[in-house]
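The file entry-v2.cif comes next; it holds mmCIF, C-alpha atoms and all ligand atoms.
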data_run
#
loop_
_atom_site.label_atom_id
_atom_site.label_comp_id
_atom_site.auth_asym_id
_atom_site.auth_seq_id
_atom_site.Cartn_x
_atom_site.Cartn_y
_atom_site.Cartn_z
CA MET L 1 -50.43 4.42 13.27
CA LYS L 2 -48.55 7.21 15.05
CA ALA L 3 -49.12 8.61 18.53
CA THR L 4 -47.31 10.69 21.13
CA ALA L 5 -47.68 10.60 24.89
CA VAL L 6 -46.26 12.65 27.74
CA ALA L 7 -45.72 11.01 31.13
CA PRO L 8 -44.40 12.36 34.41
CA ALA L 9 -41.78 10.81 36.64
CA ASN L 10 -43.05 10.18 40.14
CA ILE L 11 -41.58 10.45 43.61
CA ALA L 12 -42.41 7.56 45.91
CA PHE L 13 -43.72 8.58 49.36
CA ILE L 14 -43.98 4.87 50.22
CA LYS L 15 -41.34 3.05 48.18
CA TYR L 16 -41.25 -0.05 46.04
CA TRP L 17 -38.13 -2.02 46.90
CA GLY L 18 -38.11 -5.76 46.30
CA LYS L 19 -40.33 -8.00 44.17
CA SER L 20 -42.14 -11.25 44.80
CA ASP L 21 -42.03 -11.95 41.04
CA ASP L 22 -39.10 -10.58 39.03
CA VAL L 23 -40.61 -11.24 35.61
CA LEU L 24 -44.05 -9.80 36.31
CA ARG L 25 -42.54 -7.13 38.59
CA ILE L 26 -44.99 -7.83 41.41
CA PRO L 27 -43.76 -5.78 44.37
CA LEU L 28 -43.34 -6.94 47.97
CA ASN L 29 -45.46 -4.04 49.19
CA ASP L 30 -47.96 -1.38 48.14
CA SER L 31 -46.47 2.02 47.33
CA ILE L 32 -47.77 5.61 47.09
CA SER L 33 -46.36 8.39 44.93
CA MET L 34 -46.85 11.86 43.50
CA ASN L 35 -46.39 12.66 39.81
CA LEU L 36 -43.83 15.35 39.02
CA SER L 37 -44.52 18.29 36.71
CA GLY L 38 -40.89 19.14 36.02
CA ALA L 39 -39.57 15.68 35.17
CA GLN L 40 -41.38 14.34 32.14
CA THR L 41 -40.84 12.08 29.15
CA THR L 42 -42.38 12.62 25.72
CA THR L 43 -42.48 9.59 23.41
CA THR L 44 -43.66 9.21 19.82
CA VAL L 45 -44.37 5.71 18.51
CA GLU L 46 -45.09 4.91 14.86
CA PHE L 47 -45.95 1.54 13.33
CA SER L 48 -45.22 1.49 9.59
CA PRO L 49 -44.82 -1.21 6.92
CA VAL L 50 -41.93 0.90 5.57
CA TYR L 51 -39.71 0.12 8.58
CA THR L 52 -37.46 -2.94 8.28
CA LYS L 53 -36.45 -3.06 11.97
CA ASP L 54 -37.41 -1.48 15.30
CA SER L 55 -35.56 1.78 15.86
CA ILE L 56 -35.41 3.47 19.24
CA MET L 57 -33.87 6.87 19.75
CA LEU L 58 -33.39 9.11 22.80
CA LEU L 59 -33.03 12.77 21.85
CA GLY L 60 -30.08 14.36 23.66
CA GLY L 61 -28.74 10.98 24.85
CA SER L 62 -28.44 7.31 24.06
CA PHE L 63 -29.76 3.95 25.26
CA SER L 64 -27.50 1.04 26.18
CA GLU L 65 -28.09 -2.30 24.48
CA LYS L 66 -29.83 -3.58 27.62
CA GLU L 67 -32.15 -0.57 27.74
CA THR L 68 -32.96 -0.92 24.03
CA ASP L 69 -33.82 -4.60 24.58
CA ARG L 70 -36.17 -3.65 27.41
CA VAL L 71 -37.97 -1.13 25.19
CA VAL L 72 -38.24 -3.69 22.35
CA ASP L 73 -39.66 -6.23 24.84
CA SER L 74 -42.34 -3.71 25.80
CA LEU L 75 -43.16 -3.05 22.16
CA SER L 76 -43.41 -6.77 21.53
CA ARG L 77 -45.86 -7.14 24.42
CA ILE L 78 -47.97 -4.37 22.86
CA ARG L 79 -47.78 -6.00 19.38
CA GLU L 80 -48.76 -9.35 20.83
CA SER L 81 -51.65 -7.94 22.85
CA VAL L 82 -53.08 -5.93 19.95
CA GLY L 83 -52.29 -8.53 17.32
CA VAL L 84 -50.35 -6.13 15.07
CA GLY L 85 -47.13 -7.04 13.30
CA GLY L 86 -44.44 -4.92 11.70
CA PHE L 87 -41.74 -2.70 12.98
CA VAL L 88 -41.84 0.47 15.00
CA ARG L 89 -39.99 3.74 15.25
CA VAL L 90 -39.76 5.27 18.73
CA VAL L 91 -38.34 8.69 19.52
CA THR L 92 -38.24 9.86 23.11
CA GLN L 93 -37.14 12.93 25.02
CA ASN L 94 -36.72 13.64 28.74
CA THR L 95 -36.84 17.00 30.48
CA PHE L 96 -34.35 15.70 33.07
CA PRO L 97 -31.20 13.53 33.27
CA LYS L 98 -31.72 9.81 32.64
CA GLY L 99 -30.59 7.34 35.28
CA ALA L 100 -29.95 9.81 38.08
CA GLY L 101 -32.69 8.48 40.33
CA ALA L 102 -35.14 10.92 38.81
CA ALA L 103 -37.14 7.89 37.68
CA ALA L 104 -36.64 8.16 33.92
CA SER L 105 -37.66 4.53 33.61
CA ALA L 106 -41.02 5.30 35.25
CA SER L 107 -41.92 8.18 32.92
CA GLY L 108 -40.30 6.36 30.00
CA PHE L 109 -42.27 3.13 30.22
CA ALA L 110 -45.49 5.00 31.08
CA ALA L 111 -45.16 7.20 27.96
CA LEU L 112 -44.16 4.21 25.81
CA THR L 113 -47.21 2.21 26.96
CA VAL L 114 -49.73 4.98 26.36
CA ALA L 115 -48.23 6.07 23.00
CA GLY L 116 -47.66 2.45 21.90
CA PHE L 117 -51.26 1.30 22.38
CA ALA L 118 -52.64 4.50 20.83
CA ALA L 119 -50.35 4.07 17.79
CA ALA L 120 -51.49 0.46 17.48
CA GLY L 121 -55.09 1.67 17.53
CA LYS L 122 -56.16 -0.09 20.70
CA SER L 123 -57.98 1.77 23.44
CA MET L 124 -57.14 0.54 26.91
CA THR L 125 -58.55 1.28 30.34
CA GLU L 126 -56.26 3.15 32.69
CA LYS L 127 -55.97 0.02 34.84
CA GLU L 128 -54.85 -2.06 31.85
CA GLN L 129 -52.31 0.60 30.92
CA THR L 130 -50.85 0.55 34.43
CA ILE L 131 -50.49 -3.24 34.23
CA PHE L 132 -48.62 -3.02 30.92
CA ALA L 133 -46.41 -0.17 32.12
CA ARG L 134 -45.56 -2.20 35.25
CA LEU L 135 -44.17 -5.01 33.09
CA GLY L 136 -41.68 -2.51 31.60
CA SER L 137 -40.64 -0.98 34.92
CA GLY L 138 -42.54 -1.39 38.17
CA SER L 139 -42.68 2.24 39.20
CA ALA L 140 -43.94 3.19 35.70
CA CYS L 141 -47.43 2.00 36.64
CA ARG L 142 -47.66 4.92 39.08
CA SER L 143 -46.93 7.47 36.31
CA ILE L 144 -50.18 6.72 34.45
CA PRO L 145 -52.99 7.78 36.85
CA ASP L 146 -53.49 11.42 37.87
CA GLY L 147 -51.71 13.18 40.74
CA PHE L 148 -51.34 11.13 43.92
CA VAL L 149 -51.25 7.42 43.14
CA GLN L 150 -51.30 4.08 44.94
CA TRP L 151 -49.90 0.87 43.46
CA GLN L 152 -51.72 -2.11 44.92
CA LYS L 153 -49.15 -4.89 45.05
CA GLY L 154 -51.58 -7.72 44.27
CA ASN L 155 -50.31 -11.23 43.68
CA SER L 156 -50.89 -11.76 39.95
CA ASN L 157 -50.50 -9.88 36.69
CA ASP L 158 -54.14 -8.79 36.75
CA ASN L 159 -54.40 -7.44 40.26
CA SER L 160 -51.07 -5.58 40.57
CA TYR L 161 -52.03 -2.14 39.26
CA ALA L 162 -52.09 1.55 40.12
CA TYR L 163 -54.92 4.04 40.61
CA SER L 164 -55.30 7.69 41.51
CA LEU L 165 -55.96 8.51 45.17
CA TYR L 166 -56.36 12.24 44.52
CA PRO L 167 -56.03 14.42 41.39
CA HIS L 168 -52.96 16.61 40.88
CA ASP L 169 -54.78 19.80 41.96
CA TYR L 170 -55.91 18.26 45.26
CA TRP L 171 -53.02 19.56 47.39
CA ASP L 172 -50.54 22.23 46.37
CA LEU L 173 -47.34 20.48 47.43
CA ARG L 174 -43.87 21.01 46.00
CA ASP L 175 -41.07 18.59 45.29
CA ILE L 176 -37.88 20.64 45.11
CA LEU L 177 -35.60 18.16 43.36
CA VAL L 178 -31.93 18.90 43.98
CA ILE L 179 -29.80 17.23 41.33
CA VAL L 180 -26.38 16.60 42.85
CA ASP L 181 -25.19 14.27 40.12
CA ALA L 182 -26.74 14.01 36.66
CA GLY L 183 -24.73 10.91 35.69
CA MET L 184 -26.00 7.36 35.37
CA LYS L 185 -26.42 5.40 38.58
CA LYS L 186 -23.90 2.58 39.01
CA VAL L 187 -26.35 -0.22 39.79
CA SER L 188 -29.69 -0.35 37.98
CA THR L 189 -32.79 -0.61 40.16
CA THR L 190 -33.72 -3.93 38.52
CA GLU L 191 -30.40 -5.41 39.66
CA GLY L 192 -30.76 -3.71 43.06
CA HIS L 193 -34.24 -5.12 43.75
CA SER L 194 -32.96 -8.66 43.19
CA GLY L 195 -30.60 -8.44 46.19
CA VAL L 196 -33.24 -7.26 48.64
CA THR L 197 -33.63 -10.56 50.52
CA THR L 198 -29.95 -10.47 51.54
CA SER L 199 -30.66 -7.55 53.89
CA PRO L 200 -31.36 -8.56 57.51
CA LEU L 201 -33.51 -5.42 57.77
CA LEU L 202 -36.03 -6.39 55.07
CA ASP L 203 -38.45 -8.20 57.42
CA ALA L 204 -38.54 -5.27 59.83
CA ARG L 205 -39.15 -2.89 56.93
CA LEU L 206 -42.04 -4.95 55.52
CA ARG L 207 -43.65 -5.24 58.97
CA GLN L 208 -43.75 -1.41 59.19
CA ILE L 209 -45.26 -0.86 55.75
CA PRO L 210 -49.00 -1.24 56.58
CA ASP L 211 -48.69 1.35 59.35
CA LYS L 212 -46.77 3.73 57.06
CA ILE L 213 -49.35 3.32 54.28
CA ALA L 214 -52.05 4.15 56.84
CA ARG L 215 -50.13 7.26 57.99
CA VAL L 216 -49.53 8.56 54.46
CA SER L 217 -53.17 7.85 53.49
CA HIS L 218 -54.43 9.66 56.60
CA ALA L 219 -52.06 12.59 56.01
CA LEU L 220 -53.22 12.91 52.39
CA ALA L 221 -56.90 12.64 53.34
CA HIS L 222 -56.54 15.40 55.96
CA LYS L 223 -53.83 17.42 54.19
CA ASN L 224 -51.75 17.07 57.34
CA PHE L 225 -48.30 18.11 56.12
CA GLN L 226 -46.33 17.25 59.26
CA GLU L 227 -47.80 13.75 59.39
CA LEU L 228 -47.00 13.25 55.69
CA GLY L 229 -43.47 14.59 56.00
CA GLU L 230 -42.56 12.50 59.03
CA ALA L 231 -43.86 9.32 57.41
CA ILE L 232 -42.08 9.85 54.07
CA GLU L 233 -38.75 10.76 55.65
CA GLU L 234 -38.85 7.64 57.85
CA GLU L 235 -39.80 5.59 54.82
CA SER L 236 -36.88 6.87 52.75
CA GLU L 237 -34.50 6.05 55.60
CA SER L 238 -36.03 2.59 55.92
CA MET L 239 -35.56 1.78 52.23
CA HIS L 240 -31.97 3.06 52.13
CA SER L 241 -31.14 1.07 55.29
CA VAL L 242 -32.24 -2.05 53.44
CA MET L 243 -30.32 -1.07 50.29
CA GLU L 244 -27.16 -0.33 52.27
CA THR L 245 -27.30 -3.65 54.15
CA GLN L 246 -27.89 -5.81 51.06
CA ILE L 247 -25.03 -8.01 49.90
CA PRO L 248 -23.40 -6.41 48.00
CA PRO L 249 -24.47 -3.09 49.56
CA LEU L 250 -26.00 -0.37 47.41
CA TYR L 251 -24.89 3.13 48.29
CA TYR L 252 -27.05 5.36 46.13
CA ARG L 253 -26.63 8.32 48.49
CA THR L 254 -23.38 10.27 48.35
CA GLY L 255 -21.69 12.77 50.66
CA ALA L 256 -23.60 15.61 48.99
CA THR L 257 -26.88 13.75 49.55
CA HIS L 258 -26.13 13.52 53.27
CA VAL L 259 -25.22 17.21 53.52
CA ILE L 260 -28.62 18.12 52.05
CA MET L 261 -30.47 15.64 54.30
CA GLU L 262 -28.88 17.18 57.40
CA ALA L 263 -29.61 20.69 56.13
CA VAL L 264 -33.32 19.87 55.66
CA VAL L 265 -33.52 18.69 59.29
CA ALA L 266 -31.75 21.87 60.42
CA TRP L 267 -34.12 24.12 58.41
CA ARG L 268 -37.05 22.34 60.00
CA ASN L 269 -35.63 23.04 63.45
CA ARG L 270 -35.49 26.70 62.39
CA GLY L 271 -39.18 26.68 61.41
CA ILE L 272 -39.18 25.79 57.69
CA PRO L 273 -41.49 22.79 57.28
CA ALA L 274 -39.73 20.58 54.72
CA TYR L 275 -38.87 16.87 54.56
CA PHE L 276 -36.56 14.85 52.32
CA THR L 277 -37.03 11.64 50.38
CA ILE L 278 -34.56 9.89 48.09
CA ASP L 279 -35.07 7.20 45.43
CA ALA L 280 -32.36 5.06 43.82
CA GLY L 281 -29.81 7.79 43.22
CA PRO L 282 -27.97 10.62 44.96
CA ASN L 283 -30.52 13.36 44.22
CA VAL L 284 -32.70 14.73 47.00
CA HIS L 285 -36.42 15.43 46.74
CA ILE L 286 -37.38 18.07 49.28
CA ILE L 287 -41.13 18.05 49.90
CA CYS L 288 -42.81 21.21 51.17
CA GLU L 289 -46.04 23.14 50.80
CA ALA L 290 -46.41 25.80 48.08
CA LYS L 291 -46.18 28.60 50.64
CA ASP L 292 -42.65 27.50 51.62
CA GLU L 293 -41.27 26.96 48.09
CA ASP L 294 -39.30 30.21 47.87
CA LYS L 295 -37.75 29.75 51.31
CA VAL L 296 -36.65 26.19 50.52
CA VAL L 297 -35.22 27.11 47.11
CA GLN L 298 -33.29 29.97 48.69
CA GLN L 299 -31.87 27.66 51.37
CA VAL L 300 -30.82 25.12 48.75
CA LYS L 301 -29.06 27.83 46.74
CA GLN L 302 -27.25 29.03 49.85
CA LEU L 303 -25.92 25.52 50.44
CA GLY L 304 -24.11 25.82 47.12
CA ILE L 305 -24.39 22.08 46.40
CA GLY L 306 -26.11 20.63 43.41
CA VAL L 307 -25.90 21.16 39.72
CA ASP L 308 -29.58 21.88 39.18
CA ILE L 309 -32.85 22.47 41.05
CA ILE L 310 -36.15 21.29 39.54
CA VAL L 311 -39.29 22.66 41.20
CA ASN L 312 -42.15 20.20 40.73
CA THR L 313 -45.86 20.55 41.42
CA PRO L 314 -48.15 17.49 41.53
CA ALA L 315 -48.84 16.53 37.91
CA PRO L 316 -51.46 14.74 35.81
CA GLY L 317 -50.68 11.22 34.69
CA ALA L 318 -49.61 10.00 31.25
CA HIS L 319 -51.69 11.39 28.38
CA ILE L 320 -51.78 11.66 24.61
CA VAL L 321 -50.64 14.94 23.00
CA ASP L 322 -50.90 16.24 19.42
CA ARG L 323 -47.31 17.33 18.87
CA HIS L 324 -45.14 14.45 17.57
CA LEU L 325 -41.35 14.29 17.97
CA PHE L 326 -40.92 13.28 14.28
C1 LIG C 1 -36.15 3.25 44.59
O1 LIG C 1 -39.36 0.80 39.10
O2 LIG C 1 -36.98 1.44 38.67
O3 LIG C 1 -37.35 4.36 42.88
O4 LIG C 1 -39.26 -2.49 38.22
O5 LIG C 1 -36.85 -3.05 38.21
O6 LIG C 1 -37.71 -1.19 36.75
P1 LIG C 1 -37.87 -1.96 38.06
O7 LIG C 1 -37.56 -0.95 39.23
P2 LIG C 1 -37.94 0.58 39.41
O8 LIG C 1 -37.70 0.74 40.99
C2 LIG C 1 -37.93 1.97 41.62
C3 LIG C 1 -37.37 1.93 42.97
C4 LIG C 1 -37.39 3.25 43.73
C5 LIG C 1 -38.60 3.34 44.64
C6 LIG C 1 -39.93 3.67 44.00
O9 LIG C 1 -39.97 4.40 42.98
O10 LIG C 1 -40.94 3.22 44.55
#
Could you quickly redo this structure as structure tokens?
Ligand code: DP6
Amino acid sequence: MKATAVAPANIAFIKYWGKSDDVLRIPLNDSISMNLSGAQTTTTVEFSPVYTKDSIMLLGGSFSEKETDRVVDSLSRIRESVGVGGFVRVVTQNTFPKGAGAAASASGFAALTVAGFAAAGKSMTEKEQTIFARLGSGSACRSIPDGFVQWQKGNSNDNSYAYSLYPHDYWDLRDILVIVDAGMKKVSTTEGHSGVTTSPLLDARLRQIPDKIARVSHALAHKNFQELGEAIEEESESMHSVMETQIPPLYYRTGATHVIMEAVVAWRNRGIPAYFTIDAGPNVHIICEAKDEDKVVQQVKQLGIGVDIIVNTPAPGAHIVDRHLF
């Protein structure tokens, strides 16, 4: 009754911002992402009659009461679905800072789902796993399938799920993640999503989504890096424009974020093909092809901003491993 899973964070090329159902976490639009090799969560789950309460531990950090409740809710959904009772011990570990927009909730709920069902002895299809992970945190559904992933928004619990578009070894891209602030973000994404309809720019954003999905899909199919880069940079700007015009506004990007964004555009004008994208935090994901990795890393170092650089390749989705954390 013990299992361990590893799950990657993912960077959204087409972003999930806003839900049509807050409880089921049904998104307003489809999204597309790439799993990240350098930002992963490992989680061990054990069901045992010896335990007298659920215990949840983050190695090298701590969970707030709210976060603990969210994990317990996920465990309860697993218990209910499998029909097992009893308490659980969960130990989890991230390779990257929690809450800094590096999508710890995505890798966290993906790893918890896969380890939780395996520990409970129930085998699930990948689609079912993505549905369960989505209920914990929307973007977590994209951390389960391999490599490059699409989340079909759907309109019910059963048809809002994620699937792999291409495996991780399909295209040798890099996500050079520049951590400018490893602290917790001020406003959680769950809270942020709920204000989305107060932005006057939301309708315009949603109207553009089908075209952007088509551009990203075409770029992936043809490995057209410029087409991909242009679409994802526009998309990141579109989402942050909505965030920043919500009431109250959400400013996830800081001065350092903007310095890096401008630098990426300047490098491109000097012949280094790289594009930025930013999730709900100040850190910048710089997307480039493998051949340009060294150049981009060198440029980032020369800027002298940022506390850490994580070089990511496209990664497999969540999977079971043999080595337990306890
Ligand atoms: C900006 O998946 O963290 O990273 O479903 O409320 O847990 P909840 O939200 P979450 O939102 C992620 C938002 C984003 C964009 C993205 O990853 O698509």
**Asked** Given a cut-off of 9 Å, what residues near ligand LIG 1 (chain C) show up using all atoms listed in the file, put as a PyMOL selection string?
**Response** chain L and resi 10-19+22+24-27+31-33+101-106+134-142+188-194+236+239-240+278-281
**Request:** With a distance cut-off of 9 Å and all atoms listed in the file, select the neighbouring residues of L:Asn283, excluding the residue or stretch itself and same-chain residues fewer than 6 positions from it, and output the selection as a list in words.
**Result:**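 My reading of the contact set: Ala100, Gly101, Ala102, Leu177, Val178, Ile179, Val180, Asp181, Ala182, Tyr252, Arg253, Thr254, Ala256, Thr257 and Gly306 of chain L.
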Which centre and edge lengths in Å to one decimal define the box along x, y and z that fits every listed atom of stretch 172-189 of chain L plus 3 Å per side, as JSON?
{"center_x": -37.2, "center_y": 10.8, "center_z": 41.4, "size_x": 32.6, "size_y": 28.8, "size_z": 18.1}
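Here atom CA of L:His324 is placed at a distance of 26.9 Å from atom CA of L:Ala162.
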**Pairwise distance for atom CA of L:Pro273 and atom CA of L:Pro210, rounded to one decimal in Å** = 25.2 Å
Go ahead and find all residues with at least one atom no further than 10 Å from (-37.6, 17.3, 35.8) in the file's coordinates, using only C-alpha atoms; report them as a PDB file with C-alpha atoms, in the frame of the given file.
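Now in point.pdb:
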ATOM      1  CA  PRO L   8     -44.400  12.360  34.410  1.00  0.00           C
ATOM      2  CA  ALA L   9     -41.780  10.810  36.640  1.00  0.00           C
ATOM      3  CA  ASN L  10     -43.050  10.180  40.140  1.00  0.00           C
ATOM      4  CA  LEU L  36     -43.830  15.350  39.020  1.00  0.00           C
ATOM      5  CA  SER L  37     -44.520  18.290  36.710  1.00  0.00           C
ATOM      6  CA  GLY L  38     -40.890  19.140  36.020  1.00  0.00           C
ATOM      7  CA  ALA L  39     -39.570  15.680  35.170  1.00  0.00           C
ATOM      8  CA  GLN L  40     -41.380  14.340  32.140  1.00  0.00           C
ATOM      9  CA  THR L  41     -40.840  12.080  29.150  1.00  0.00           C
ATOM     10  CA  ASN L  94     -36.720  13.640  28.740  1.00  0.00           C
ATOM     11  CA  THR L  95     -36.840  17.000  30.480  1.00  0.00           C
ATOM     12  CA  PHE L  96     -34.350  15.700  33.070  1.00  0.00           C
ATOM     13  CA  PRO L  97     -31.200  13.530  33.270  1.00  0.00           C
ATOM     14  CA  ALA L 102     -35.140  10.920  38.810  1.00  0.00           C
ATOM     15  CA  ALA L 103     -37.140   7.890  37.680  1.00  0.00           C
ATOM     16  CA  ALA L 104     -36.640   8.160  33.920  1.00  0.00           C
ATOM     17  CA  ILE L 176     -37.880  20.640  45.110  1.00  0.00           C
ATOM     18  CA  LEU L 177     -35.600  18.160  43.360  1.00  0.00           C
ATOM     19  CA  ILE L 179     -29.800  17.230  41.330  1.00  0.00           C
ATOM     20  CA  ASP L 308     -29.580  21.880  39.180  1.00  0.00           C
ATOM     21  CA  ILE L 309     -32.850  22.470  41.050  1.00  0.00           C
ATOM     22  CA  ILE L 310     -36.150  21.290  39.540  1.00  0.00           C
ATOM     23  CA  VAL L 311     -39.290  22.660  41.200  1.00  0.00           C
ATOM     24  CA  ASN L 312     -42.150  20.200  40.730  1.00  0.00           C
TER      25      ASN L 312
END
**Request:** Can you work out the spacing between atom CA of L:Trp151 and atom CA of L:Glu289 in Å, to one decimal?
**Result:**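 Separation of atom CA of L:Trp151 and atom CA of L:Glu289: 23.8 Å.
For L:Ile144, the residues within 7 Å (counting all atoms listed in the file, excluding itself and residues fewer than 3 positions away along the chain) are Ala110, Thr130, Cys141, Gly317 and Ala318 of chain L.
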**Item:** Non-local contacts of L:Arg215 (10 Å; all atoms listed in the file; under 4 positions in same chain excluded) as a ChimeraX atom specification
**Value:** /L:209-211,219-221,224,227-228,230-232
**Request:** List the residues sitting within 12 Å of (-37.1, -3.5, 59.4) in the file's frame, using only C-alpha atoms, as a PyMOL selection string.
**Result:** chain L and resi 197+199-209+234-235+237-243+245
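For L:Leu303, the set of protein, DNA and RNA residues having any atom at most 9 Å away, when counting all atoms listed in the file and skipping those fewer than 3 positions along the same chain, is L:Val259, L:Ile260, L:Ala263, L:Gln298, L:Gln299, L:Val300, L:Gly306.
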Any chance you could model N, CA and C atoms for stretch 173-193 of chain L and send them as a compact mmCIF listing (two decimals), in the coordinates of the input?
# COMPACT_ATOMS: atom_id res chain seq x y z
N LEU L 173 -48.65 20.81 46.86
CA LEU L 173 -47.34 20.48 47.43
C LEU L 173 -46.24 20.83 46.43
N ARG L 174 -45.02 20.84 46.89
CA ARG L 174 -43.87 21.01 46.00
C ARG L 174 -42.88 19.88 46.25
N ASP L 175 -42.24 19.45 45.17
CA ASP L 175 -41.07 18.59 45.29
C ASP L 175 -39.92 19.37 44.69
N ILE L 176 -39.06 19.89 45.57
CA ILE L 176 -37.88 20.64 45.11
C ILE L 176 -36.79 19.59 44.91
N LEU L 177 -36.55 19.24 43.66
CA LEU L 177 -35.60 18.16 43.36
C LEU L 177 -34.21 18.77 43.18
N VAL L 178 -33.31 18.38 44.07
CA VAL L 178 -31.93 18.90 43.98
C VAL L 178 -31.08 17.84 43.29
N ILE L 179 -30.64 18.17 42.09
CA ILE L 179 -29.80 17.23 41.33
C ILE L 179 -28.36 17.46 41.79
N VAL L 180 -27.79 16.45 42.42
CA VAL L 180 -26.38 16.60 42.85
C VAL L 180 -25.45 15.90 41.87
N ASP L 181 -26.01 14.98 41.09
CA ASP L 181 -25.19 14.27 40.12
C ASP L 181 -26.12 13.83 38.99
N ALA L 182 -25.84 14.32 37.78
CA ALA L 182 -26.74 14.01 36.66
C ALA L 182 -26.27 12.78 35.89
N GLY L 183 -25.26 12.08 36.41
CA GLY L 183 -24.73 10.91 35.69
C GLY L 183 -25.60 9.69 35.89
N MET L 184 -25.26 8.61 35.22
CA MET L 184 -26.00 7.36 35.37
C MET L 184 -25.69 6.73 36.72
N LYS L 185 -26.71 6.10 37.33
CA LYS L 185 -26.42 5.40 38.58
C LYS L 185 -25.62 4.14 38.27
N LYS L 186 -24.82 3.71 39.26
CA LYS L 186 -23.90 2.58 39.01
C LYS L 186 -24.64 1.25 38.91
N VAL L 187 -25.62 1.06 39.80
CA VAL L 187 -26.35 -0.22 39.79
C VAL L 187 -27.80 0.08 39.42
N SER L 188 -28.31 -0.60 38.41
CA SER L 188 -29.69 -0.35 37.98
C SER L 188 -30.64 -0.81 39.09
N THR L 189 -31.84 -0.22 39.12
CA THR L 189 -32.79 -0.61 40.16
C THR L 189 -33.18 -2.09 39.99
N THR L 190 -33.32 -2.53 38.73
CA THR L 190 -33.72 -3.93 38.52
C THR L 190 -32.73 -4.87 39.20
N GLU L 191 -31.44 -4.59 39.02
CA GLU L 191 -30.40 -5.41 39.66
C GLU L 191 -30.48 -5.24 41.19
N GLY L 192 -30.69 -4.00 41.63
CA GLY L 192 -30.76 -3.71 43.06
C GLY L 192 -31.89 -4.46 43.76
N HIS L 193 -33.08 -4.43 43.15
CA HIS L 193 -34.24 -5.12 43.75
C HIS L 193 -33.90 -6.59 44.03
